[in-house]
Each structure stands twice: as C-alpha cells, then as structure tokens.
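Q: Before anything else, here's the structure in question.
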Amino acid sequence: MNRPRTEFDASTIRFVVNGQTRDYSGSPAKRLADVLRDDFGLTGTKIGCNAGDCGACTVLLDGKQVCSCLTPVAQVGGRAVTTVEGLAEKATLSGLQRAFHKHGAAQCGICTPGMLMAAADLLSRNPQPSADQVKDALGGVLCRCTGYQKIIEAVLDAAQAELPPLPATGAAVGARAPKVDGVAKLTGEERYGADDIPVDALWLRVLRSPHHHASFELGDLAAFVAAHPGIERVFSARDVPSNSFGIYPHIKDQPVLADGVVRFRGEAVLALVGTRKAVESVTDAEAPIRYKALPSVMGIAAAAAPGAPLVQQDKPGNILLDGGVKKGDAASAFASCAAIAEAEFKTGFVEHAYIEPEAGWARRVGERLEIHVTTQTPYMDRDEMALVMKLAREQVRIVPTACGGGFGGKLDLSVQPLVGVAAWLLDKPVACIYSRPESMASSTKRHPARIRIKSGCDASGKLIAIETQADFDTGAYASWGPTVATRVPIHASGPYFVPHVTALGRAYFTHCHPSGAFRGFGVPQGAIAHEAMMDELADKLGMDRLAFRRLNALKAGDATATGQVLQHSAGLPQCLDALKPHWDEALAACAAYNKTSGRQRRGAGIGCMWYGIGNTSLSNPSTMRIGLSAKGELTLYNGAVDIGQGSNTILTQIAADALGLPMGQFRIVMGDTDLTADAGKTSASRQTFVSGKATELAGRDLRRKLIKLLKASPDAVLSLNGSVIKARDASGEHQYDLAWLPARGGTDALRGEGTFDPPTSPQDADGQGVPYATYAFAAQLAVVEVDCDLGTVKVIDIVAAHDVGKAINPIQVEGQIQGGTIQGLGLALMEEYLPGRTENLHDYLIPTIGDIPAMKCILIEDAEPLGPSGAKGVGEPGLIPTAPAILGAIHHATGVRMRQVPVLPHRLRAALKHA
Ligand code: FES
Ligand code: FES
C-alpha cells in the first residue's frame, strides 16, 4: 500500500485525524491518546488506565480499533485516525450513535467513545453482526455501569435505529425517553474531571506511602524544590489549615497529608506542585521522605486479636463501631425450631473500578475557592472543604464535572483537598489526575466481611429466629464504616418476617485503605449469608427454595426486625410470583442437561433482597428548584449529581409532568453549589425517591404560580412559546408575557421550589425504630454451568424481578438492574482486591462483555405513596441478590456450599475435591 510521506520535517509527524491533516511536533514516543487530548484538544478519547486494560482510549487507525494509550504517535505518521468526534455524519448522530441513545447504552458515558469506536470497526466490516460477534469485537473495552446488555442491543440495532419522539406532555413519567444529557456522551463533547483543565494550571502529583504502616520523617523540602526546576512547591501536612476529614461530623480521622505516620499503603504524604513535566519526572526514590516500617494489622482476625497493635491510638480494640438490632429472644427461640442452619461467610475487598479515575482542578477567586471535580456529592464536598480550609461554606464552590462512574467511591474526598490547598496558597489554578494504580491504591473499597449466622424455622418452613454477627474491615480510617455497621444489622434477617432477631455489626480498623461506600453499604455481604440460610433450611425440610422464600416474604402489614410495620409497597411476593415460571423452567432444564453432561453441571439458584432507601435513621432532605426566565427559559436547578444512573433524565420527566410542560423545553443546571440547592448525595438509591419527590413538589409549586398568574383553572393545559406562557381550560385560552415580570433570583422571573425529607425515626438501644421511609425489594434467579474438573463457573442466565414502586423511565431502571447485576456477578466470581497486589485492571478483574449471561428484567410496580408517582429507588438493589443466587446455583449444580467469595476456580476446585 502506498503511504504518504510520514515526516513533515525532522520533528513533525503528519497524519489525518477525522478527515483533517494534522501536524504534531514533539516526542515521537508520546502516546497517541495524549497527543489527541493534550495537543489537539480531542478529549472525547478517554484514559482509564494508560495500560491497555480498559479500552476507553480506543480509536480507529486506518479503520481498525487500537488502544491509543499504547500507540506511540510515531506509528501513526501518514495514517488516518478516527476518534469519537469524527463519528457523527454531517453533524448529526450516526446510526450507531442513535442506537446507543435509543437503547440507553451510555450510562456515565466514560466508556462510550471506546465502545463506539470498537463497534464502528466491527460494523464497517460486518454491517449485520451476531451478538457473539459484537461480544468479540467489543471485548477489549470495559464498561462498569451498563452490564453490557444495552450496548449489545444498540450495536445490533445500529442499521435501523431511529430515536423515538419525546413523550407528550403529561406522559413523561413512565416513558422510555432517551437521556436528556445523552448526546454529549456520544459525541465526545461531555467534559469529565480530566477534560477541562485550564491550560495555565499547575500540576499536582501525590507521593504516597509504600508501606502498610510506618512512621516517617521529611527531609529538607526547600532544598528539594531548589534541586528540581519546574517544581514550584512541595506541600506537607503542616500546610493544610485543618488536616483531617471524614464523612461523619464527629469522626474526622483521616489526614489530607499524613503527619509523621502512615496507616495504609497508598496514603498521601507529600504533594508536589509544578509543571506537569517536572512533577511527573520525580521518581519515588527521590522523594524527601524517610520511612521506618512498623508492624501492620491486616484483616479482621488480626485487628481483633488480643494485644493487637492499635491502628488509631484512641480506638481500643481497633473497634470503630458496634451496631445492632434486637427483637424478641432469638437465643431461646431456637429451641422451638424444627430445622436450624448455621455457617460463617467471608468476603474480600472489592474495588469500584469506575473507568474514570479521580480528577479535578481548583482555583482561588478572590476570597473564594472553586473546585471542579468528578464527584457524587458536591454539597458534602463543599462543607468538608470549608472545614479543611477553615473557610466559611459560602467561600467554597464545587462545580461537578461529568462523573465517569462512582458506585459510592466518589463520595469521599480525593483530589479536592489537595488541589484546594495548593490553589489557595499559590493563588494559581492547580490540577490533579490520579493514575489508575494510584486510584486503586488510595480509594475506598467494599468492606471485607466475616459473618456468622444461625437461622431456624418451624416444620412448616416459617422462620422463627435469626442470629447474626457481622464483622467488617473498615481499614485505616472511618469513612462510611459506621453506615455499614448500622445498616447491615437492620437488613441482616433478609426480606422476611422473622419474629426473633439478634443482629450485630462491628467495624474494625486495620492497616488497609479505608473501606467506604460501595453499592449496598454492606447489605450485599449480608445477603450472601441470609440467602444461604434460606437455601439450607428449605433443603432440610425438603421444600422448594422459591416456595420457602415466598412463605416468609415480608409484605405490607408485617413488622421488620426493627419493629417497623411496612404500610405499603413491599413487593417481594410479586417478585417471587413473577419468577416462578422461569424458576420451574430453569430447574427442569438443569435436570435435563445434567443427565448427560459429564463434568459440566448446571444449577439454578435464587437470591432475594430488600434495601432501605436513603440515609439510615437520619434526616435526608433534598431541595429542587425550577425557574422560568423572562425570556421563557425553563431551568431545572438540580443539586443531585447524575453519575450515569440517569437522574438528570428521570428528574426532568418528573418535573415535566408535575409542571405540565414538555420535557424537551427544560435545560438542566446540575450540582453547582452556587446555582442549585442541596439535594444531598447521590448514594443509597435515594435520588429518584427523595430528589424526585422534591422535583415533583417544585413542579407543582411553579404550576400553581403560573395558574394564578394566568387566572386559569388548576387543570388547565399549559404551553410555553418564547416568553409567552399560555393556559387552556374550559373557559378558553389565557396568556401572559413573562417579559412583563421583574427578574428574581438571577434571570428567573418565576421559581417553584420543593423540599422532601423522608420520614424516619431514630433507633433505640435495641435498634428498634423506623430507619427508612421505604424499601426496595427484589428476587433474582441465576443459572450457572460449572466445570467440575477446573472449578470454573459460567453464569448463563439471570432473571431479575424488582419492585421499583414505579419505573419513571424503564430504560434507565433496566440499565441500573443490569449494571448492578453484573457487578454482583463480579462480587460472586472474580473480584478480590489485594492491597499492594492488584492495583491495576489486569490483575484486578471485572466482568467483561464476554462474561455476561442472558438477562431478563421484570419490573414490579408496587407503588410507594411517598415517592414521586409511587417510585422508590433501584441503584443498589440490582447488585444485592445476584451473588446469593449464583452461590445457590453452584450448590444446586455441584452439591458444594461455598462460604467465601469470590468463588475463584481454585477455591471451588478445592471444595469439590474435599466434597
Ligand atoms: S486507557 Fe488505554 S486501554 Fe485503558
Ligand atoms: S457507561 Fe460504561 S463505564 Fe459508565
């Protein structure tokens, strides 16, 4: 093949990008990804690992997909590169992009450019691929949000996809509307934490502890700066105005920069600030830090051992918190049980593995500090940064960027205090992007658990008693440990009516990275234990496992372990009834398969869950505003960050129907703490329920004001055309020109506001009370195939039935269930973070597109009267029942009950041999 001349001059490389000839001057070894982003401003190409593991950087090189992070720019001279920015056809979305939009294939969107480019490569060679061919072609790109199902559907539909029309006014709730912010994720225009850094920003790099536990002394920092041209300053603990932070107001135990002692490998010690080249060229060996390694406490058993070294000197026994729930007299009640099951379970650290590493930048604006950052919780960030900086809250502004996945891991501070302190003291913009190993070493993880459980039932299968002790490894600092230790006992008896319950939770400090929030706050670990008990009790009585759960399922009118009587919306019985035909079919299919299958055995399992929506026994408010300007601009001021779950779209749907104007007329301001009201954090599956209700109230408030202004009847039909608002009712048409109104609150002439705080009550000493206003329920069925010689497990089928109250947007709801389910599959079968050993995405495995089973979602709508149109939440529930269902299926296939996850092949093989 004839190629054009590759070199423009000795130091210039010429190639074609998206149809345009571009010249690059600089190091020929520079990664193509960096050239595209830094030199050409094409930030649609994402960097998730810089190591060839995630595929986020995938572009086309002469039409073939390549990882641009592994491609030196020298290799592209004279060739053609296509990035996501070049995918649209004549400024309109390509068929592939339309299909992604229609099917909801982009959640957070950080993997989307890579997925699109890999799919474009496939479709250029094979316009009508099979699902397996799609899986093969997209196998190099990781997605942590979607569970891949909708991505496959989109690629298969690329040839004919047309976008559905936006729902009509009054029919937005319940519509399968595409994301209101979806197009930017498909064209590369979306700006994530690393995408909008000012060109004059200084760069910040953190030097971190290589030890699990050590004391340290610092060398001469001034001399270090003088010896390193380009480095402007080195920050240490003494530079931080108030050097401690933490989630809870009374537990601020984590330093921004360690002060004389490090308590986990990866803890931040020094921050180098200067030019990017200068800070990146310092080696760890040059760091002016002298460590003295100290004995470390690794794991729950070590932390609980008599005489164990204390991780935090003022925490005797290394205990962060004890929590518990006590109802009836479980210990005595076991005497009356016809069947009893008992076991201990273990889980490990699990990494969030969001594809976007932590990133952001800060600047000082007079006497205010402004931070642009990828986050799940701008208002908590604002309040925490005010404490760290010793500033008033009003002096701090958080501007959330698009968030490339969070799952709880971006609820804690990461780069915020580092860039904040540096920008404030230097009075210059300062940016920081974590590398993948840095992100994994320093960020929170799912709590490892050791759970002892004992359950008993009568001869008919009715549960009588459950006793459980759940211990968690909370790492070096508290983070969300108290939340996990209190949430787990409440949920420990499972979604069942049990008269006698004793459930205790305890979190231990260790010399590991802090354990924090991760989709479920400990409930997934607890569900593994209580669901195994349901299987064992059913087996002991010779009962069908689904029927056993159906007999005991909580329903409206039942009291939970905390004594809370469920008034409404307890849809587990409906979920189980919906699964029943699939269950019967799966059991029959497994039996037929196993008659002739040899070493391959198939089995079916069931997992159930319940999940309290929102904070535990704490005030949990959200305030939303909708503004209408004198020009007729309609704005949803939304303090709830959309981390990919679709809240921007769902809240717009709710606002549209509550106000009575089409969702296409809304624009959204999201998360900016100067422009929105506090909607709380995006966690605990709360935004649809809590912020959704606040949005509904805001929409109704603005509607009332408009109806009054227009002197129309309450049921009038509204329309907005430019600045003219009209209402049509039985008496005719009324209209008003908003330009006549004085502007208030910025540009808005009229505003509606709504606040909702779900009603809960504190728990007493026995944990009795109303910790949550409502609960989500679900039941999932899994079918697995086990290779009994190798110990490998392949999940081949999942049916997920979820009671969501009301599916405001079924596409988004299914996406949450599918994505959560695949994270649950990872928890069950492959994900185990080992500090110091799995700090990258090739040693730490998450499910790929090749690992996913066939999946079916069944949505049960048992309306919650408190929620918007009856909706509850679904962010976490998708994950919780999956691992128990898979474990039950493995036992059904093999007869082996696995007590530790992940069920890695060597563990299952050993158990099979033992059995
Ligand atoms: S950034 Fe290139 S593969 Fe991850
Ligand atoms: S949508 Fe794929 S990683 Fe978020």
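Identifiers in the structure tokens: chain A, B, ... in order shown; residue index from 1 per chain; ligand index from 1 in order shown.
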Compile a residue-level contact table for chain A against ligand 2 at a cut-off of 7 Å, reporting for every qualifying residue the shortest atom pair and its distance in Å to one decimal, with only C-alpha atoms and all ligand atoms counted, rows ordered by chain and ascending number, as a tab-separated table.

A:
residue	atom	partner	partner_atom_place_in_ligand_line	distance
A:Ala106	CA	ligand 2	1 (S)	4.6
A:Gln107	CA	ligand 2	1 (S)	3.9
A:Cys108	CA	ligand 2	4 (Fe)	3.9
A:Gly109	CA	ligand 2	1 (S)	4.3
A:Ile110	CA	ligand 2	4 (Fe)	5.2
A:Cys111	CA	ligand 2	2 (Fe)	4.4
A:Thr112	CA	ligand 2	2 (Fe)	6.0
A:Leu142	CA	ligand 2	3 (S)	6.8
A:Cys143	CA	ligand 2	2 (Fe)	3.7
A:Arg144	CA	ligand 2	3 (S)	4.3
A:Cys145	CA	ligand 2	4 (Fe)	4.3
A:Thr146	CA	ligand 2	1 (S)	5.7
A:Tyr354	CA	ligand 2	3 (S)	6.5
A:Ile355	CA	ligand 2	3 (S)	5.5
A:Gly404	CA	ligand 2	4 (Fe)	5.8
A:Gly405	CA	ligand 2	4 (Fe)	5.4
A:Gly644	CA	ligand 2	4 (Fe)	6.4

Q: Using only C-alpha atoms, what does the table of range 563-618 of chain A residues within 9 Å of range 674-691 of chain A look like, with each row giving the shortest atom pair and its distance in Å to one decimal, sorted by chain and ascending number, as a Markdown table?

A:
| residue | atom | partner | partner_atom | distance |
| --- | --- | --- | --- | --- |
| A:Tyr611 | CA | A:Ala684 | CA | 8.8 |
| A:Gly612 | CA | A:Ala684 | CA | 8.0 |
| A:Ile613 | CA | A:Arg686 | CA | 5.6 |
| A:Gly614 | CA | A:Arg686 | CA | 4.8 |
| A:Asn615 | CA | A:Ala684 | CA | 6.8 |

Q: Give me the chain A side of the contact with ligand 1, cut-off 9 Å, one line per residue showing its nearest atom pair and distance in Å at one decimal, counting only C-alpha atoms and all ligand atoms, sorted by chain and residue number, as a tab-separated table.

A:
residue	atom	partner	partner_atom_place_in_ligand_line	distance
A:Ala33	CA	ligand 1	2 (Fe)	7.7
A:Thr45	CA	ligand 1	1 (S)	8.8
A:Lys46	CA	ligand 1	1 (S)	6.5
A:Ile47	CA	ligand 1	1 (S)	3.8
A:Gly48	CA	ligand 1	1 (S)	4.2
A:Cys49	CA	ligand 1	4 (Fe)	3.9
A:Asn50	CA	ligand 1	1 (S)	4.0
A:Ala51	CA	ligand 1	3 (S)	5.4
A:Gly52	CA	ligand 1	3 (S)	3.3
A:Asp53	CA	ligand 1	3 (S)	4.4
A:Cys54	CA	ligand 1	4 (Fe)	3.8
A:Gly55	CA	ligand 1	3 (S)	3.9
A:Ala56	CA	ligand 1	1 (S)	5.2
A:Cys57	CA	ligand 1	2 (Fe)	4.5
A:Thr58	CA	ligand 1	2 (Fe)	6.7
A:Val66	CA	ligand 1	2 (Fe)	8.8
A:Cys67	CA	ligand 1	2 (Fe)	5.1
A:Ser68	CA	ligand 1	2 (Fe)	6.0
A:Cys69	CA	ligand 1	2 (Fe)	4.3
A:Leu70	CA	ligand 1	2 (Fe)	6.4
A:Gly140	CA	ligand 1	3 (S)	8.0
A:Val141	CA	ligand 1	3 (S)	7.6
A:Leu142	CA	ligand 1	4 (Fe)	8.7
A:Ile355	CA	ligand 1	4 (Fe)	8.3
A:Arg436	CA	ligand 1	4 (Fe)	8.9
A:Leu841	CA	ligand 1	4 (Fe)	8.5

Q: Okay, now the selection with N, CA, C and O atoms, as a compact mmCIF listing (two decimals), in the first residue's frame?

A:
# COMPACT_ATOMS: atom_id res chain seq x y z
N ALA A 33 -2.97 8.79 22.57
CA ALA A 33 -4.08 9.31 23.40
C ALA A 33 -3.74 10.69 23.94
O ALA A 33 -4.58 11.59 23.97
N THR A 45 -11.61 11.15 23.44
CA THR A 45 -10.86 9.91 23.71
C THR A 45 -10.48 9.91 25.18
O THR A 45 -9.84 10.84 25.66
N LYS A 46 -10.87 8.87 25.89
CA LYS A 46 -10.71 8.84 27.36
C LYS A 46 -9.52 7.98 27.76
O LYS A 46 -9.12 7.07 27.04
N ILE A 47 -9.01 8.27 28.96
CA ILE A 47 -7.91 7.48 29.51
C ILE A 47 -8.36 6.90 30.85
O ILE A 47 -8.60 7.65 31.79
N GLY A 48 -8.49 5.60 30.87
CA GLY A 48 -8.92 4.95 32.11
C GLY A 48 -7.82 4.20 32.81
O GLY A 48 -7.92 3.89 34.00
N CYS A 49 -6.74 3.87 32.07
CA CYS A 49 -5.71 3.05 32.71
C CYS A 49 -4.32 3.33 32.16
O CYS A 49 -3.33 3.08 32.84
N ASN A 50 -4.22 3.80 30.92
CA ASN A 50 -2.93 4.03 30.27
C ASN A 50 -2.09 2.76 30.20
O ASN A 50 -0.86 2.81 30.21
N ALA A 51 -2.75 1.63 30.16
CA ALA A 51 -2.01 0.37 30.17
C ALA A 51 -2.61 -0.69 29.26
O ALA A 51 -2.23 -1.86 29.34
N GLY A 52 -3.57 -0.31 28.44
CA GLY A 52 -4.13 -1.29 27.52
C GLY A 52 -5.16 -2.21 28.13
O GLY A 52 -5.55 -3.19 27.50
N ASP A 53 -5.64 -1.89 29.33
CA ASP A 53 -6.57 -2.79 30.02
C ASP A 53 -8.04 -2.44 29.85
O ASP A 53 -8.89 -3.33 29.91
N CYS A 54 -8.37 -1.14 29.70
CA CYS A 54 -9.78 -0.75 29.78
C CYS A 54 -10.41 -0.44 28.44
O CYS A 54 -11.64 -0.49 28.32
N GLY A 55 -9.62 -0.07 27.47
CA GLY A 55 -10.18 0.22 26.14
C GLY A 55 -10.87 1.56 26.01
O GLY A 55 -11.40 1.88 24.94
N ALA A 56 -10.88 2.38 27.06
CA ALA A 56 -11.55 3.67 26.98
C ALA A 56 -10.93 4.57 25.92
O ALA A 56 -11.57 5.46 25.40
N CYS A 57 -9.66 4.30 25.61
CA CYS A 57 -8.92 5.16 24.67
C CYS A 57 -9.02 4.67 23.23
O CYS A 57 -8.28 5.14 22.37
N THR A 58 -9.92 3.71 22.97
CA THR A 58 -9.96 3.09 21.65
C THR A 58 -10.30 4.11 20.55
O THR A 58 -11.25 4.87 20.67
N VAL A 66 -7.68 0.46 17.82
CA VAL A 66 -6.42 0.32 18.56
C VAL A 66 -6.58 1.06 19.89
O VAL A 66 -7.40 1.97 20.02
N CYS A 67 -5.78 0.65 20.86
CA CYS A 67 -5.71 1.41 22.12
C CYS A 67 -4.75 2.57 21.87
O CYS A 67 -3.55 2.37 21.67
N SER A 68 -5.26 3.79 21.92
CA SER A 68 -4.39 4.93 21.63
C SER A 68 -3.42 5.20 22.77
O SER A 68 -2.45 5.92 22.59
N CYS A 69 -3.67 4.60 23.94
CA CYS A 69 -2.71 4.79 25.04
C CYS A 69 -1.48 3.91 24.85
O CYS A 69 -0.46 4.12 25.50
N LEU A 70 -1.59 2.91 23.99
CA LEU A 70 -0.45 2.02 23.76
C LEU A 70 0.22 2.30 22.40
O LEU A 70 1.13 1.57 22.01
N GLY A 140 -12.48 -5.78 24.17
CA GLY A 140 -11.36 -5.06 24.76
C GLY A 140 -11.76 -3.80 25.48
O GLY A 140 -10.89 -3.08 26.00
N VAL A 141 -13.04 -3.49 25.51
CA VAL A 141 -13.48 -2.24 26.15
C VAL A 141 -14.31 -2.60 27.39
O VAL A 141 -15.29 -3.34 27.30
N LEU A 142 -13.91 -2.07 28.53
CA LEU A 142 -14.62 -2.35 29.78
C LEU A 142 -15.70 -1.31 30.02
O LEU A 142 -15.49 -0.11 29.79
N ILE A 355 -14.40 3.65 35.49
CA ILE A 355 -13.41 3.77 34.42
C ILE A 355 -12.73 5.14 34.44
O ILE A 355 -11.62 5.30 33.95
N ARG A 436 -4.25 5.16 37.28
CA ARG A 436 -5.07 4.01 37.68
C ARG A 436 -4.52 3.32 38.93
O ARG A 436 -5.28 3.08 39.88
N LEU A 841 -5.98 -2.82 36.31
CA LEU A 841 -7.12 -3.54 35.75
C LEU A 841 -6.73 -4.79 34.96
O LEU A 841 -7.56 -5.37 34.28

Q: Can you work out the spacing between CA of Glu162 in chain A and CA of Asp851 in chain A in Å, to one decimal?

A: 29.1 Å

Q: Using only C-alpha atoms, find each residue of range 171-262 of chain A with at least one atom at most 6 Å away from an atom of range 374-391 of chain A; report its shortest atom-to-atom pair and that distance in Å (one decimal), sort the rows by chain and rising residue number, and return the result as JSON lines.

A:
{"residue": "A:Gly193", "atom": "CA", "partner": "A:Thr374", "partner_atom": "CA", "distance": 5.0}
{"residue": "A:Pro241", "atom": "CA", "partner": "A:Met389", "partner_atom": "CA", "distance": 5.3}
{"residue": "A:Ser242", "atom": "CA", "partner": "A:Val388", "partner_atom": "CA", "distance": 4.6}

Q: What would the file look like if the residues just selected were written as a PDB file, in the first residue's frame with C-alpha atoms?

A:
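The resulting file, out-v4.pdb, is shown below:
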ATOM      1  CA  GLY A 193     -12.812  15.557  35.550  1.00  0.00           C
ATOM      2  CA  PRO A 241      -5.205  24.513  57.541  1.00  0.00           C
ATOM      3  CA  SER A 242      -7.191  21.727  59.262  1.00  0.00           C
TER       4      SER A 242
END

Q: In Å, how far is it from CA of Pro129 in chain A to CA of Ala159 in chain A?

A: 10.5 Å

Q: Within range 402-567 of chain A, find each residue whose DSSP state, derived from the backbone, is strand (DSSP E or B), and express the selection as a PyMOL selection string.

A: chain A and resi 402+430-433+445-446+449-457+463-475+496+500-509+515+553+559+565

Q: I want to know what sits within 9 Å of Ala507 in chain A, based on only C-alpha atoms, with residues of the same chain fewer than 5 positions away left out; could you give that as a ChimeraX atom specification?

A: /A:300,318-323,447,470-475,478,481-482,484-485

Q: So, with only C-alpha atoms as the atoms that count, which of A:Gly147, A:Gly646, A:Gly19, A:Pro357 lies closest to Gly182 in chain A?

A: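 So, comparing all the options, the nearest one is A:Gly646.
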
Q: As a PDB file with C-alpha atoms, in the first residue's frame, please: the residues near Lys540 in chain A (cut-off 10 Å, only C-alpha atoms, same-chain neighbours under 5 positions excluded).

A:
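Full text of out_20.pdb as output:
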ATOM      1  CA  ALA A 338     -37.696 -27.870  63.578  1.00  0.00           C
ATOM      2  CA  ALA A 339     -34.712 -27.013  61.380  1.00  0.00           C
ATOM      3  CA  ILE A 340     -31.623 -24.924  62.047  1.00  0.00           C
ATOM      4  CA  ALA A 341     -28.843 -23.831  59.703  1.00  0.00           C
ATOM      5  CA  ALA A 459     -41.738 -27.698  60.463  1.00  0.00           C
ATOM      6  CA  GLY A 461     -40.987 -23.645  56.944  1.00  0.00           C
ATOM      7  CA  MET A 534     -32.858 -19.847  53.256  1.00  0.00           C
ATOM      8  CA  ASP A 535     -31.486 -22.465  50.860  1.00  0.00           C
TER       9      ASP A 535
END

Q: CA of Val396 in chain A and CA of Arg519 in chain A, how far apart in Å?

A: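 Taking CA of Arg519 in chain A and CA of Val396 in chain A, their separation equals 28.4 Å.
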
Q: Tell me which protein, DNA and RNA residues are within 9 Å of Ala889 in chain A, counting only C-alpha atoms, leaving out same-chain ones fewer than 3 positions away, and put them as a list in words.

A: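 Final neighbour list, sorted by chain and number: Arg602, Gly603, Ala604, Gly605, Ile606, Leu781, Ala782, Val783, Val784, Glu785, Pro884, Ala885, Ile886, His892, Ala893 and Thr894 of chain A.
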
Q: Skipping near chain neighbours, those fewer than 5 positions away, what residues fall within 12 Å of Ala730 in chain A using only C-alpha atoms, listed as an NGL selection string?

A: :A and (712-717)

Q: Would you please extract all alpha helix (DSSP H) residues from range 744-898 of chain A, as assigned by DSSP on the backbone, and give them as number ranges by chain?

A: A: 810-829, 882-894

Q: Would you please work out which residue, of A:Val896, A:Ile464, A:Gly522, A:Glu217, is nearest to Glu536 in chain A when using only C-alpha atoms?

A: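 Of the candidates, the smallest distance to Glu536 in chain A is held by A:Val896.
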
Q: Within 9 Å of range 758-768 of chain A, counting only C-alpha atoms, which residues qualify if same-chain residues fewer than 2 places away don't, as number ranges by chain?

A: A: 323-327, 486, 489-490, 561-564, 614, 616-621, 689-690, 756, 770-774, 866

Q: Between A:Gly660, A:Gly520, A:Gly170, A:Gly791, which has the minimum distance to Pro905 in chain A (counting only C-alpha atoms)?

A: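 Selected residue with least distance to Pro905 in chain A: A:Gly791.
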
Q: Which one is closest to Ala863 in chain A: A:Gly571, A:Gly41, A:Gly699, A:Gly732? Count only C-alpha atoms.

A: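 Smallest separation from Ala863 in chain A among the options: A:Gly571.
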